[in-house]
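Undergrad: Sending over target_10.pdb (PDB, C-alpha atoms and all ligand atoms).
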```pdb
ATOM      1  CA  MET A   1     243.361 233.719 181.621
ATOM      2  CA  GLN A   2     242.739 233.442 177.952
ATOM      3  CA  LYS A   3     240.252 235.755 176.317
ATOM      4  CA  LEU A   4     238.020 234.825 173.415
ATOM      5  CA  ILE A   5     240.337 236.815 171.184
ATOM      6  CA  ASP A   6     243.202 234.420 172.091
ATOM      7  CA  ILE A   7     241.333 231.334 170.887
ATOM      8  CA  ILE A   8     242.676 230.338 167.516
ATOM      9  CA  GLY A   9     240.835 228.909 164.546
ATOM     10  CA  GLN A  10     237.390 228.298 166.059
ATOM     11  CA  GLU A  11     235.668 231.231 164.355
ATOM     12  CA  THR A  12     232.295 229.496 163.977
ATOM     13  CA  ALA A  13     232.133 228.528 167.649
ATOM     14  CA  ILE A  14     233.282 231.969 168.797
ATOM     15  CA  LYS A  15     230.639 233.644 166.639
ATOM     16  CA  VAL A  16     227.897 231.594 168.300
ATOM     17  CA  LEU A  17     229.241 232.420 171.760
ATOM     18  CA  LYS A  18     229.667 236.136 171.093
ATOM     19  CA  ALA A  19     225.998 236.218 170.128
ATOM     20  CA  GLY A  20     225.307 235.426 173.797
ATOM     21  CA  LEU A  21     227.382 238.308 175.166
ATOM     22  CA  PRO A  22     226.049 241.790 176.010
ATOM     23  CA  PRO A  23     223.921 243.407 174.840
ATOM     24  CA  GLU A  24     222.468 240.010 173.850
ATOM     25  CA  GLU A  25     221.693 237.271 176.385
ATOM     26  CA  PRO A  26     223.182 233.765 176.385
ATOM     27  CA  GLY A  27     221.103 230.586 176.258
ATOM     28  CA  HIS A  28     220.901 228.378 179.336
ATOM     29  CA  ALA A  29     222.738 225.257 178.282
ATOM     30  CA  TYR A  30     225.486 224.515 175.789
ATOM     31  CA  ILE A  31     227.459 221.459 174.765
ATOM     32  CA  PHE A  32     231.028 222.126 173.607
ATOM     33  CA  ALA A  33     231.843 219.093 171.474
ATOM     34  CA  GLY A  34     234.977 218.221 169.545
ATOM     35  CA  PRO A  35     238.237 216.238 169.615
ATOM     36  CA  LYS A  36     240.631 216.556 172.524
ATOM     37  CA  GLY A  37     242.963 219.519 172.277
ATOM     38  CA  THR A  38     240.830 221.664 169.973
ATOM     39  CA  GLY A  39     240.275 224.386 172.578
ATOM     40  CA  LYS A  40     236.903 223.517 174.133
ATOM     41  CA  ARG A  41     238.153 224.026 177.668
ATOM     42  CA  SER A  42     240.067 227.250 177.017
ATOM     43  CA  THR A  43     237.064 228.608 175.158
ATOM     44  CA  ALA A  44     234.672 227.673 177.970
ATOM     45  CA  TYR A  45     236.785 229.523 180.543
ATOM     46  CA  ALA A  46     237.293 232.508 178.236
ATOM     47  CA  TRP A  47     233.579 232.753 177.535
ATOM     48  CA  ALA A  48     232.704 232.373 181.215
ATOM     49  CA  ALA A  49     235.106 235.223 182.021
ATOM     50  CA  ALA A  50     233.481 237.372 179.332
ATOM     51  CA  LEU A  51     230.014 236.588 180.717
ATOM     52  CA  LEU A  52     231.087 237.482 184.251
ATOM     53  CA  CYS A  53     233.164 240.555 183.291
ATOM     54  CA  GLU A  54     231.918 243.827 184.730
ATOM     55  CA  ALA A  55     232.621 245.718 181.511
ATOM     56  CA  GLY A  56     229.788 243.932 179.707
ATOM     57  CA  GLU A  57     231.550 243.781 176.335
ATOM     58  CA  LYS A  58     231.969 241.102 173.688
ATOM     59  CA  ASP A  59     235.077 239.772 175.487
ATOM     60  CA  ALA A  60     236.548 239.830 178.999
ATOM     61  CA  CYS A  61     238.327 243.109 179.814
ATOM     62  CA  GLY A  62     240.992 241.223 181.805
ATOM     63  CA  VAL A  63     241.401 243.907 184.473
ATOM     64  CA  CYS A  64     238.119 244.305 186.412
ATOM     65  CA  GLY A  65     237.521 242.577 189.740
ATOM     66  CA  ALA A  66     235.444 239.826 188.141
ATOM     67  CA  CYS A  67     238.111 239.139 185.506
ATOM     68  CA  ARG A  68     240.822 238.973 188.176
ATOM     69  CA  LYS A  69     238.786 236.393 190.069
ATOM     70  CA  SER A  70     238.146 234.395 186.896
ATOM     71  CA  LEU A  71     241.889 234.495 186.280
ATOM     72  CA  SER A  72     242.812 233.169 189.704
ATOM     73  CA  GLY A  73     240.021 230.586 189.612
ATOM     74  CA  SER A  74     238.369 232.155 192.659
ATOM     75  CA  SER A  75     235.161 233.513 191.153
ATOM     76  CA  PRO A  76     232.261 232.459 193.418
ATOM     77  CA  ASP A  77     229.941 232.542 190.397
ATOM     78  CA  LEU A  78     231.932 230.099 188.313
ATOM     79  CA  ILE A  79     231.276 226.502 189.293
ATOM     80  CA  VAL A  80     233.578 223.882 187.805
ATOM     81  CA  ILE A  81     232.703 220.205 187.844
ATOM     82  CA  LYS A  82     235.192 217.549 186.821
ATOM     83  CA  PRO A  83     234.986 213.768 186.797
ATOM     84  CA  GLU A  84     236.472 212.279 189.947
ATOM     85  CA  VAL A  85     236.908 208.975 191.693
ATOM     86  CA  ARG A  86     234.093 208.950 194.212
ATOM     87  CA  GLU A  87     233.600 206.617 197.141
ATOM     88  CA  LYS A  88     234.225 202.977 196.224
ATOM     89  CA  ARG A  89     234.515 203.482 192.485
ATOM     90  CA  VAL A  90     237.691 203.038 190.467
ATOM     91  CA  THR A  91     236.947 205.067 187.356
ATOM     92  CA  GLU A  92     236.404 208.817 187.246
ATOM     93  CA  VAL A  93     232.746 209.759 187.032
ATOM     94  CA  ILE A  94     230.378 212.602 187.718
ATOM     95  CA  ASP A  95     227.920 210.889 190.023
ATOM     96  CA  ILE A  96     224.489 211.752 191.345
ATOM     97  CA  GLY A  97     225.931 213.074 194.609
ATOM     98  CA  ARG A  98     227.902 215.717 192.732
ATOM     99  CA  ILE A  99     224.846 216.657 190.642
ATOM    100  CA  ARG A 100     222.738 217.060 193.794
ATOM    101  CA  GLU A 101     225.376 219.391 195.259
ATOM    102  CA  LEU A 102     225.269 221.384 192.034
ATOM    103  CA  ILE A 103     221.485 221.619 192.010
ATOM    104  CA  SER A 104     221.407 222.934 195.564
ATOM    105  CA  HIS A 105     224.174 225.419 194.701
ATOM    106  CA  LEU A 106     222.173 226.670 191.713
ATOM    107  CA  SER A 107     219.127 227.369 193.848
ATOM    108  CA  PHE A 108     220.938 230.444 195.251
ATOM    109  CA  LYS A 109     221.305 233.756 193.470
ATOM    110  CA  PRO A 110     224.694 234.665 191.984
ATOM    111  CA  TYR A 111     227.064 236.132 194.590
ATOM    112  CA  GLU A 112     228.472 239.029 192.639
ATOM    113  CA  ALA A 113     227.828 238.745 188.924
ATOM    114  CA  ARG A 114     224.507 238.844 187.160
ATOM    115  CA  LEU A 115     224.996 235.196 186.139
ATOM    116  CA  LYS A 116     226.220 231.894 187.507
ATOM    117  CA  ILE A 117     228.247 229.763 185.131
ATOM    118  CA  VAL A 118     228.690 226.010 185.361
ATOM    119  CA  ILE A 119     231.509 224.390 183.416
ATOM    120  CA  MET A 120     231.239 220.615 183.450
ATOM    121  CA  GLU A 121     234.353 218.987 182.034
ATOM    122  CA  GLY A 122     234.057 215.391 180.832
ATOM    123  CA  ALA A 123     230.270 215.652 180.980
ATOM    124  CA  ASP A 124     229.988 212.295 179.220
ATOM    125  CA  THR A 125     231.207 210.581 182.397
ATOM    126  CA  MET A 126     227.897 211.387 184.108
ATOM    127  CA  ASN A 127     226.372 208.030 184.831
ATOM    128  CA  LEU A 128     222.721 207.370 184.068
ATOM    129  CA  SER A 129     221.356 208.335 187.481
ATOM    130  CA  ALA A 130     223.425 211.540 187.454
ATOM    131  CA  ALA A 131     222.228 212.408 183.940
ATOM    132  CA  ASN A 132     218.619 211.799 184.930
ATOM    133  CA  ALA A 133     218.972 213.958 188.021
ATOM    134  CA  PHE A 134     220.518 216.704 185.911
ATOM    135  CA  LEU A 135     217.784 216.620 183.286
ATOM    136  CA  LYS A 136     215.329 218.595 185.399
ATOM    137  CA  THR A 137     217.877 221.416 185.802
ATOM    138  CA  LEU A 138     218.445 221.481 182.054
ATOM    139  CA  GLU A 139     214.701 221.561 181.399
ATOM    140  CA  GLU A 140     214.019 224.450 183.725
ATOM    141  CA  PRO A 141     217.360 226.056 184.544
ATOM    142  CA  PRO A 142     217.330 228.891 187.071
ATOM    143  CA  GLY A 143     217.064 232.073 184.984
ATOM    144  CA  ASP A 144     220.496 233.347 185.953
ATOM    145  CA  THR A 145     222.438 230.215 185.047
ATOM    146  CA  VAL A 146     224.542 229.249 182.030
ATOM    147  CA  ILE A 147     225.616 225.615 181.837
ATOM    148  CA  ILE A 148     228.476 224.445 179.611
ATOM    149  CA  LEU A 149     228.970 220.707 179.126
ATOM    150  CA  ILE A 150     232.303 219.719 177.606
ATOM    151  CA  VAL A 151     232.544 216.423 175.714
ATOM    152  CA  GLU A 152     234.734 214.922 173.020
ATOM    153  CA  ASN A 153     231.864 213.052 171.461
ATOM    154  CA  THR A 154     228.175 213.788 171.885
ATOM    155  CA  GLY A 155     227.483 210.125 171.098
ATOM    156  CA  LYS A 156     228.088 209.242 174.732
ATOM    157  CA  LEU A 157     225.469 211.682 176.066
ATOM    158  CA  PRO A 158     221.797 210.696 176.408
ATOM    159  CA  MET A 159     219.596 212.229 173.687
ATOM    160  CA  THR A 160     217.449 213.785 176.403
ATOM    161  CA  ILE A 161     220.430 215.914 177.449
ATOM    162  CA  ILE A 162     221.577 216.766 173.922
ATOM    163  CA  SER A 163     218.111 217.937 172.895
ATOM    164  CA  ARG A 164     218.012 220.444 175.745
ATOM    165  CA  CYS A 165     221.335 222.078 174.900
ATOM    166  CA  GLN A 166     222.740 224.122 172.073
ATOM    167  CA  THR A 167     225.691 222.216 170.609
ATOM    168  CA  VAL A 168     228.805 224.218 169.705
ATOM    169  CA  ARG A 169     231.250 222.240 167.582
ATOM    170  CA  PHE A 170     235.031 222.507 167.813
ATOM    171  CA  ARG A 171     236.918 221.286 164.769
ATOM    172  CA  PRO A 172     240.544 220.331 164.165
ATOM    173  CA  LEU A 173     242.511 223.254 162.728
ATOM    174  CA  PRO A 174     244.315 223.417 159.398
ATOM    175  CA  TYR A 175     248.046 222.719 159.526
ATOM    176  CA  GLU A 176     248.987 226.370 158.821
ATOM    177  CA  LYS A 177     247.080 227.656 161.848
ATOM    178  CA  ILE A 178     248.790 225.211 164.215
ATOM    179  CA  PHE A 179     252.157 225.958 162.634
ATOM    180  CA  GLU A 180     251.803 229.696 163.319
ATOM    181  CA  PHE A 181     250.391 229.043 166.777
ATOM    182  CA  VAL A 182     253.175 226.759 168.069
ATOM    183  CA  LYS A 183     255.862 228.868 166.448
ATOM    184  CA  MET A 184     254.645 231.920 168.337
ATOM    185  CA  LYS A 185     253.755 230.155 171.559
ATOM    186  CA  LEU A 186     256.846 227.953 171.907
ATOM    187  CA  GLN A 187     259.290 230.336 170.195
ATOM    188  CA  ILE A 188     260.722 227.631 167.965
ATOM    189  CA  SER A 189     262.119 227.391 164.448
ATOM    190  CA  ASP A 190     260.090 226.737 161.292
ATOM    191  CA  ASN A 191     261.368 223.165 161.112
ATOM    192  CA  GLU A 192     260.409 222.393 164.674
ATOM    193  CA  ALA A 193     257.021 224.075 164.342
ATOM    194  CA  SER A 194     256.397 222.083 161.201
ATOM    195  CA  ALA A 195     257.166 218.777 162.961
ATOM    196  CA  ILE A 196     254.860 219.583 165.849
ATOM    197  CA  ALA A 197     252.097 220.920 163.616
ATOM    198  CA  SER A 198     252.109 217.678 161.626
ATOM    199  CA  LEU A 199     252.069 215.476 164.711
ATOM    200  CA  SER A 200     249.272 217.399 166.400
ATOM    201  CA  ARG A 201     246.752 216.630 163.639
ATOM    202  CA  GLY A 202     244.843 219.857 163.981
ATOM    203  CA  ARG A 203     244.710 220.090 167.766
ATOM    204  CA  PRO A 204     246.575 223.110 169.189
ATOM    205  CA  GLY A 205     246.246 221.843 172.781
ATOM    206  CA  ALA A 206     247.779 218.522 171.774
ATOM    207  CA  ALA A 207     250.559 220.349 169.940
ATOM    208  CA  ILE A 208     251.627 222.125 173.107
ATOM    209  CA  ALA A 209     251.151 219.085 175.335
ATOM    210  CA  GLY A 210     252.980 216.887 172.823
ATOM    211  CA  ALA A 211     255.972 219.194 172.817
ATOM    212  CA  LEU A 212     256.110 219.045 176.596
ATOM    213  CA  ASP A 213     255.840 215.260 176.609
ATOM    214  CA  ARG A 214     258.758 214.981 174.277
ATOM    215  CA  GLU A 215     260.816 217.239 176.502
ATOM    216  CA  LYS A 216     259.986 214.983 179.395
ATOM    217  CA  ASP A 217     260.970 211.923 177.333
ATOM    218  CA  ALA A 218     264.334 213.466 176.575
ATOM    219  CA  ARG A 219     264.934 214.250 180.233
ATOM    220  CA  GLU A 220     264.063 210.731 181.339
ATOM    221  CA  GLN A 221     266.354 209.273 178.714
ATOM    222  CA  VAL A 222     269.227 211.435 179.891
ATOM    223  CA  LEU A 223     268.613 210.826 183.570
ATOM    224  CA  SER A 224     268.600 207.065 183.189
ATOM    225  CA  LEU A 225     271.786 207.355 181.173
ATOM    226  CA  PHE A 226     273.531 209.214 183.981
ATOM    227  CA  ASP A 227     272.083 206.849 186.517
ATOM    228  CA  ASN A 228     273.127 203.683 184.767
ATOM    229  CA  THR A 229     276.902 203.707 185.130
ATOM    230  CA  GLU A 230     277.075 199.979 184.499
ATOM    231  CA  SER A 231     276.468 200.205 180.767
ATOM    232  CA  PHE A 232     279.450 200.695 178.491
ATOM    233  CA  GLY A 233     281.435 203.834 177.869
ATOM    234  CA  PRO A 234     281.737 207.226 179.466
ATOM    235  CA  GLU A 235     278.526 209.242 179.735
ATOM    236  CA  GLU A 236     279.333 211.754 177.073
ATOM    237  CA  TYR A 237     279.964 208.989 174.552
ATOM    238  CA  LYS A 238     276.619 207.387 175.356
ATOM    239  CA  LEU A 239     274.919 210.753 174.998
ATOM    240  CA  ALA A 240     276.553 211.315 171.649
ATOM    241  CA  GLN A 241     275.271 207.918 170.541
ATOM    242  CA  ASN A 242     271.741 208.672 171.681
ATOM    243  CA  THR A 243     271.818 212.012 169.935
ATOM    244  CA  ASP A 244     273.158 210.424 166.804
ATOM    245  CA  LYS A 245     270.547 207.648 166.872
ATOM    246  CA  SER A 246     267.745 210.146 167.258
ATOM    247  CA  LYS A 247     266.757 210.653 163.639
ATOM    248  CA  ASP A 248     264.542 213.480 164.706
ATOM    249  CA  ARG A 249     266.702 216.596 164.893
ATOM    250  CA  LEU A 250     264.388 218.314 167.286
ATOM    251  CA  GLN A 251     264.474 215.420 169.741
ATOM    252  CA  ALA A 252     268.262 215.169 169.486
ATOM    253  CA  ASP A 253     268.553 218.832 170.419
ATOM    254  CA  ARG A 254     266.204 218.290 173.313
ATOM    255  CA  ILE A 255     268.376 215.466 174.619
ATOM    256  CA  LEU A 256     271.426 217.723 174.669
ATOM    257  CA  ALA A 257     269.619 220.694 176.222
ATOM    258  CA  SER A 258     268.078 218.455 178.834
ATOM    259  CA  ALA A 259     271.452 216.856 179.623
ATOM    260  CA  GLN A 260     273.026 220.260 180.157
ATOM    261  CA  GLU A 261     270.254 221.288 182.533
ATOM    262  CA  LEU A 262     270.567 218.074 184.501
ATOM    263  CA  VAL A 263     274.335 218.472 184.808
ATOM    264  CA  ARG A 264     273.857 222.055 185.955
ATOM    265  CA  ASP A 265     271.423 220.816 188.621
ATOM    266  CA  MET A 266     273.833 218.101 189.753
ATOM    267  CA  VAL A 267     276.610 220.680 190.100
ATOM    268  CA  THR A 268     274.287 222.893 192.174
ATOM    269  CA  VAL A 269     273.433 219.994 194.475
ATOM    270  CA  LYS A 270     277.103 219.086 194.918
ATOM    271  CA  ILE A 271     278.312 222.615 195.605
ATOM    272  CA  SER A 272     275.483 223.826 197.837
ATOM    273  CA  GLY A 273     274.604 220.451 199.346
ATOM    274  CA  LYS A 274     270.981 221.498 198.953
ATOM    275  CA  CYS A 275     268.236 220.910 196.425
ATOM    276  CA  ASP A 276     267.007 224.490 196.220
ATOM    277  CA  ASN A 277     266.945 226.479 192.994
ATOM    278  CA  LEU A 278     267.148 223.521 190.637
ATOM    279  CA  ILE A 279     265.826 223.778 187.093
ATOM    280  CA  ASN A 280     264.238 220.355 187.482
ATOM    281  CA  MET A 281     262.684 220.812 190.909
ATOM    282  CA  ASP A 282     260.074 218.125 190.228
ATOM    283  CA  ILE A 283     262.694 215.348 190.144
ATOM    284  CA  ARG A 284     265.121 216.736 192.756
ATOM    285  CA  SER A 285     265.451 213.510 194.736
ATOM    286  CA  ALA A 286     266.444 211.604 191.595
ATOM    287  CA  ILE A 287     268.975 214.318 190.767
ATOM    288  CA  GLU A 288     270.441 214.202 194.262
ATOM    289  CA  LYS A 289     270.856 210.451 193.995
ATOM    290  CA  VAL A 290     272.506 210.531 190.572
ATOM    291  CA  ALA A 291     274.758 213.463 191.549
ATOM    292  CA  GLY A 292     276.283 211.214 194.220
ATOM    293  CA  ARG A 293     277.817 209.075 191.472
ATOM    294  CA  TYR A 294     279.883 211.877 189.934
ATOM    295  CA  SER A 295     282.744 214.077 191.029
ATOM    296  CA  LEU A 296     282.445 217.816 190.475
ATOM    297  CA  ARG A 297     285.371 217.701 188.131
ATOM    298  CA  ARG A 298     283.709 215.061 185.985
ATOM    299  CA  LEU A 299     280.455 217.015 185.868
ATOM    300  CA  PHE A 300     282.259 220.153 184.705
ATOM    301  CA  ARG A 301     283.935 218.144 181.978
ATOM    302  CA  ILE A 302     280.637 216.616 180.837
ATOM    303  CA  TYR A 303     279.125 220.101 180.745
ATOM    304  CA  ASP A 304     281.888 221.333 178.455
ATOM    305  CA  VAL A 305     281.534 218.348 176.165
ATOM    306  CA  LEU A 306     277.793 218.952 175.931
ATOM    307  CA  GLN A 307     278.494 222.523 174.937
ATOM    308  CA  GLU A 308     280.726 221.251 172.111
ATOM    309  CA  MET A 309     278.073 218.772 171.034
ATOM    310  CA  ILE A 310     275.396 221.465 170.878
ATOM    311  CA  LEU A 311     277.694 223.520 168.698
ATOM    312  CA  ALA A 312     278.467 220.458 166.578
ATOM    313  CA  ARG A 313     274.791 219.925 165.886
ATOM    314  CA  LYS A 314     274.399 223.503 164.769
ATOM    315  CA  LEU A 315     277.212 222.960 162.288
ATOM    316  CA  ASN A 316     275.816 219.570 161.303
ATOM    317  CA  VAL A 317     278.892 217.724 162.566
ATOM    318  CA  ASN A 318     278.318 214.191 163.794
ATOM    319  CA  PRO A 319     278.399 214.326 167.617
ATOM    320  CA  LEU A 320     280.280 211.019 167.787
ATOM    321  CA  LEU A 321     283.062 212.586 165.771
ATOM    322  CA  ILE A 322     283.258 215.491 168.209
ATOM    323  CA  ILE A 323     283.600 213.120 171.147
ATOM    324  CA  SER A 324     286.373 211.156 169.421
ATOM    325  CA  LEU A 325     288.269 214.359 168.658
ATOM    326  CA  LEU A 326     287.856 215.595 172.207
ATOM    327  CA  SER A 327     289.091 212.381 173.782
ATOM    328  CA  LEU A 328     292.103 212.425 171.466
ATOM    329  CA  GLU A 329     292.836 215.944 172.599
ATOM    330  CA  LEU A 330     292.560 214.967 176.251
ATOM    331  CA  LYS A 331     295.000 212.087 175.829
ATOM    332  CA  GLU A 332     297.714 214.363 174.535
TER     333      GLU A 332
HETATM  334 ZN    ZN A 401     236.476 242.354 183.158
END
```
Could you write out this file's structure as C-alpha cells?
TA:
Amino acid sequence: MQKLIDIIGQETAIKVLKAGLPPEEPGHAYIFAGPKGTGKRSTAYAWAAALLCEAGEKDACGVCGACRKSLSGSSPDLIVIKPEVREKRVTEVIDIGRIRELISHLSFKPYEARLKIVIMEGADTMNLSAANAFLKTLEEPPGDTVIILIVENTGKLPMTIISRCQTVRFRPLPYEKIFEFVKMKLQISDNEASAIASLSRGRPGAAIAGALDREKDAREQVLSLFDNTESFGPEEYKLAQNTDKSKDRLQADRILASAQELVRDMVTVKISGKCDNLINMDIRSAIEKVAGRYSLRRLFRIYDVLQEMILARKLNVNPLLIISLLSLELKE
C-alpha cells in the first residue's frame, strides 16, 4: 500500500486531501481528474487508507488493523467500482445495475471504520441512466460516506455530477521528478532513467508501465528468434544482429538480459523435465515448446555467448564482432 507521503509531485492535490484528514473532516464527493499515469489511482487508495486508519493522523500509519486490510484489499469499508462488461454489452461500462448495488450498500452503516469510502475508477464510463441514478446519492450522500470518482477528463462527465463534487486536479510532473522517481524505483542508470523520463511525458505511472512493456517486447523478440529456426544463421548470430540493430542501448541490453533468462529457463525445463521454478512462469508452455528444439549442449553454448555479448556491450564492442571472434575460436 502506498501512503500519501509516497505520492510524488502532486503537492497541490495532496494538500487538498490532507485538509480532509483528522482532525478535519473530508467532503462527501471528489473527482480526481488528470492524464493517465499521473497518480490518481494510487492517491485515491492512499487517501482512503488514511481516512480509514485507526491512528487518525494526516497519513495512514501502515500497521493498524484497518491499514492492513486496506493493504490486502479486504477492507469492508472500502468499496471499489470499476468499469466492466455487463450482460450483453461489448464495451466496459458502469451501468445502472452496478449503481443500484452501490446505493443499497451505502444505506448501511460502516462495518468497522467511522467512514465508508467509494473509489469509482473510470467514472466517465457511467452511462446516462447510471449517472442519473447516482446523482441523488451525490446530492444527499449518507453522512458517513466519501466518494472518489476517477476520470482522465472531466469533459466526459455530466455537469450535474461535476457541480456536486470537489475536483482535485492531477498534473503531469516535470522531467526531473520522473527522472529521480524511476531511477530510485527501477534501480537503473542515469542514462536509462533519462530515456524513460523523456518518454513518459510527465506521467510516473506510464514511466513504470512503459519500462515493463519494453521488457516484454524484448522477451517476445527473443522468444520468436529462438522459435524460428528456419531463418538464417545460428541463434547467437541473429541475437547479435538484433542487439546491434537496436539503436537504443537500453533496449539492446534488455534483449540480451531477456535472452539469458529464457535460455536459463529452457535449461531448467530440459534438466528437470518440469516447468516449475522458471523465471518466466507466465509463458512456460511457450518455453517448453521452444526448449524441445535445442540440445542442452547448444543451450549452454548460447548462454556463454550471451555472457560474452553482455560484457562486449559494457566495453562498447560491437556484438557482431564478438560473435565472429568466438566462431573463429571454436573452429580452431
Ligand atoms: Zn493505520
Undergrad: Using all atoms listed in the file, which residues sit within 9 Å of segment 179-182 of chain A once same-chain residues fewer than 6 positions away are excluded, as number ranges by chain?
TA: A: 8, 188, 190, 193-198, 204, 207-208
Undergrad: Would you output that residue set with C-alpha atoms, as a CSV table (one decimal), in the frame of the given file?
TA:
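Listed below is the output, out_18.csv:
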```
chain,number,residue,atom,x,y,z
A,8,ILE,CA,242.7,230.3,167.5
A,188,ILE,CA,260.7,227.6,168.0
A,190,ASP,CA,260.1,226.7,161.3
A,193,ALA,CA,257.0,224.1,164.3
A,194,SER,CA,256.4,222.1,161.2
A,195,ALA,CA,257.2,218.8,163.0
A,196,ILE,CA,254.9,219.6,165.8
A,197,ALA,CA,252.1,220.9,163.6
A,198,SER,CA,252.1,217.7,161.6
A,204,PRO,CA,246.6,223.1,169.2
A,207,ALA,CA,250.6,220.3,169.9
A,208,ILE,CA,251.6,222.1,173.1
```
Undergrad: Smallest atom-to-atom distance to Gly9 of chain A: which of A:Glu24, A:Glu54, A:Asp144, A:Glu176, using only C-alpha atoms?
TA: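 Closest candidate: A:Glu176.
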Undergrad: Between A:Ile162, A:Cys61, A:Ala46, A:Leu315, which has the minimum distance to Gln2 of chain A (counting all atoms listed in the file)?
TA: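 The shortest atom-to-atom distance to Gln2 of chain A comes from A:Ala46.
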Undergrad: Excluding Lys18 of chain A and its own-chain neighbours fewer than 4 positions away, which residues fall within 8 Å of it when counting only C-alpha atoms? Please give them as a VMD selection string.
TA: chain A and resid 14 58 to 59
Undergrad: Mind dumping the selected residues with C-alpha atoms as a PDB file, keeping the file's coordinate frame?
TA:
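Written out: result.pdb:
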```pdb
ATOM      1  CA  ILE A  14     233.282 231.969 168.797  1.00  0.00           C
ATOM      2  CA  LYS A  58     231.969 241.102 173.688  1.00  0.00           C
ATOM      3  CA  ASP A  59     235.077 239.772 175.487  1.00  0.00           C
TER       4      ASP A  59
END
```
Undergrad: On this structure, the PyMOL selection byres (((chain A and resi 151-160) around 6) and not hetatm) would catch which residues? List them as a list in words, sorted by chain and number.
TA: Ala33, Gly34, Pro35, Gly122, Ala123, Asp124, Ile150, Ile161, Ile162 and Ser163 of chain A
Undergrad: Take atom CA of Arg203 of chain A and atom CA of Thr38 of chain A and report the distance between them in Å, one decimal.
TA: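 Result for atom CA of Arg203 of chain A versus atom CA of Thr38 of chain A: 4.7 Å, one decimal.
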Undergrad: Neighbours of ligand ZN 401 (chain A) at 8 Å or closer, counting all atoms listed in the file: which residues, as a ChimeraX atom specification?
TA: /A:49-50,52-56,60-68
Undergrad: Calculate how many Å separate atom CA of Glu261 of chain A from atom CA of Val317 of chain A, rounding to one decimal.
TA: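 That distance, rounded to one decimal, is 22.0 Å.
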Undergrad: I'd like the residues picked by the PyMOL selection byres (((chain A and resi 212-218) around 8) and not hetatm) written out as a list in words, using the chain letters and numbers from the file.
TA: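 Checking the PyMOL selection byres (((chain A and resi 212-218) around 8) and not hetatm) against this file, the residues are Ile208, Ala209, Gly210, Ala211, Arg219, Glu220, Gln221, Val222, Gln251, Arg254, Ile255 and Ser258 of chain A.
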Undergrad: Using only C-alpha atoms, find the one residue out of A:Arg313, A:Arg201, A:Lys36, A:Lys270 that sits nearest to Ala257 of chain A.
TA: A:Arg313
Undergrad: Given the file shown, enumerate the residues that the PyMOL selection byres (((chain A and resi 168) around 10) and not hetatm) captures and present them as a tab-separated table (two decimals) with C-alpha atoms, keeping the file's coordinate frame.
TA:
```tsv
chain	number	residue	atom	x	y	z
A	12	THR	CA	232.30	229.50	163.98
A	13	ALA	CA	232.13	228.53	167.65
A	14	ILE	CA	233.28	231.97	168.80
A	16	VAL	CA	227.90	231.59	168.30
A	17	LEU	CA	229.24	232.42	171.76
A	30	TYR	CA	225.49	224.52	175.79
A	31	ILE	CA	227.46	221.46	174.76
A	32	PHE	CA	231.03	222.13	173.61
A	33	ALA	CA	231.84	219.09	171.47
A	34	GLY	CA	234.98	218.22	169.54
A	40	LYS	CA	236.90	223.52	174.13
A	148	ILE	CA	228.48	224.44	179.61
A	150	ILE	CA	232.30	219.72	177.61
A	165	CYS	CA	221.34	222.08	174.90
A	166	GLN	CA	222.74	224.12	172.07
A	167	THR	CA	225.69	222.22	170.61
A	169	ARG	CA	231.25	222.24	167.58
A	170	PHE	CA	235.03	222.51	167.81
A	171	ARG	CA	236.92	221.29	164.77
```
Undergrad: So that I can check the surroundings of Ile287 of chain A, please list as a list in words every protein, DNA and RNA residue that reaches within 10 Å of it, counting all atoms listed in the file and ignoring chain neighbours fewer than 4 positions away.
TA: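 Surrounding residues, per the criterion: Leu223, Phe226, Asp227, Leu262, Val263, Asp265, Met266, Val267, Val269, Cys275, Leu278, Asn280, Met281, Asp282, Ile283, Ala291 and Gly292 of chain A.
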Undergrad: Can you tell me how far atom CA of Pro319 of chain A sits from atom CA of Arg249 of chain A, in Å to one decimal?
TA: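 Atom-to-atom, atom CA of Pro319 of chain A and atom CA of Arg249 of chain A are spaced 12.2 Å apart.
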Undergrad: Need to verify the contact set: Leu115 of chain A, 8 Å, only C-alpha atoms, exclusion of same-chain residues closer than 5 positions in sequence. Can you return it as a ChimeraX atom specification?
TA: /A:51-52,77,110,144-146
Undergrad: Check the smallest atom-to-atom distance from each of A:Glu236, A:Glu288, A:Asp248, A:Glu192 to Leu321 of chain A using all atoms listed in the file, then report the winner.
TA: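 The answer is A:Glu236, which sits nearest to Leu321 of chain A.
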Undergrad: My list of candidates is A:Lys116, A:Arg41, A:Lys238, A:His28. Which is closest to Thr137 of chain A when distances are computed with only C-alpha atoms?
TA: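 The answer is A:His28, which sits nearest to Thr137 of chain A.
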Undergrad: Taking (277.7, 214.1, 162.4) in the file's coordinates as the center, which residues reach within 12 Å of it, counting all atoms listed in the file, put as a PyMOL selection string?
TA: chain A and resi 240-241+243-247+249+252+309-324
Undergrad: Using all atoms listed in the file, list the residues that have an atom at most 8 Å from (229.8, 214.9, 190.3), coordinates as in the file, as a PDB file with C-alpha atoms, in the frame of the given file.
TA:
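Heads up, here's the output in point.pdb:
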```
ATOM      1  CA  ILE A  81     232.703 220.205 187.844  1.00  0.00           C
ATOM      2  CA  LYS A  82     235.192 217.549 186.821  1.00  0.00           C
ATOM      3  CA  PRO A  83     234.986 213.768 186.797  1.00  0.00           C
ATOM      4  CA  GLU A  84     236.472 212.279 189.947  1.00  0.00           C
ATOM      5  CA  VAL A  93     232.746 209.759 187.032  1.00  0.00           C
ATOM      6  CA  ILE A  94     230.378 212.602 187.718  1.00  0.00           C
ATOM      7  CA  ASP A  95     227.920 210.889 190.023  1.00  0.00           C
ATOM      8  CA  ILE A  96     224.489 211.752 191.345  1.00  0.00           C
ATOM      9  CA  GLY A  97     225.931 213.074 194.609  1.00  0.00           C
ATOM     10  CA  ARG A  98     227.902 215.717 192.732  1.00  0.00           C
ATOM     11  CA  ILE A  99     224.846 216.657 190.642  1.00  0.00           C
ATOM     12  CA  MET A 126     227.897 211.387 184.108  1.00  0.00           C
ATOM     13  CA  ALA A 130     223.425 211.540 187.454  1.00  0.00           C
TER      14      ALA A 130
END
```
Undergrad: Nearest to Ile117 of chain A: which of A:Val85, A:Leu71, A:Ala48, A:Asp6 is it, counting only C-alpha atoms?
TA: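 Of A:Val85, A:Leu71, A:Ala48, A:Asp6, the one nearest Ile117 of chain A, counting only C-alpha atoms, is A:Ala48.
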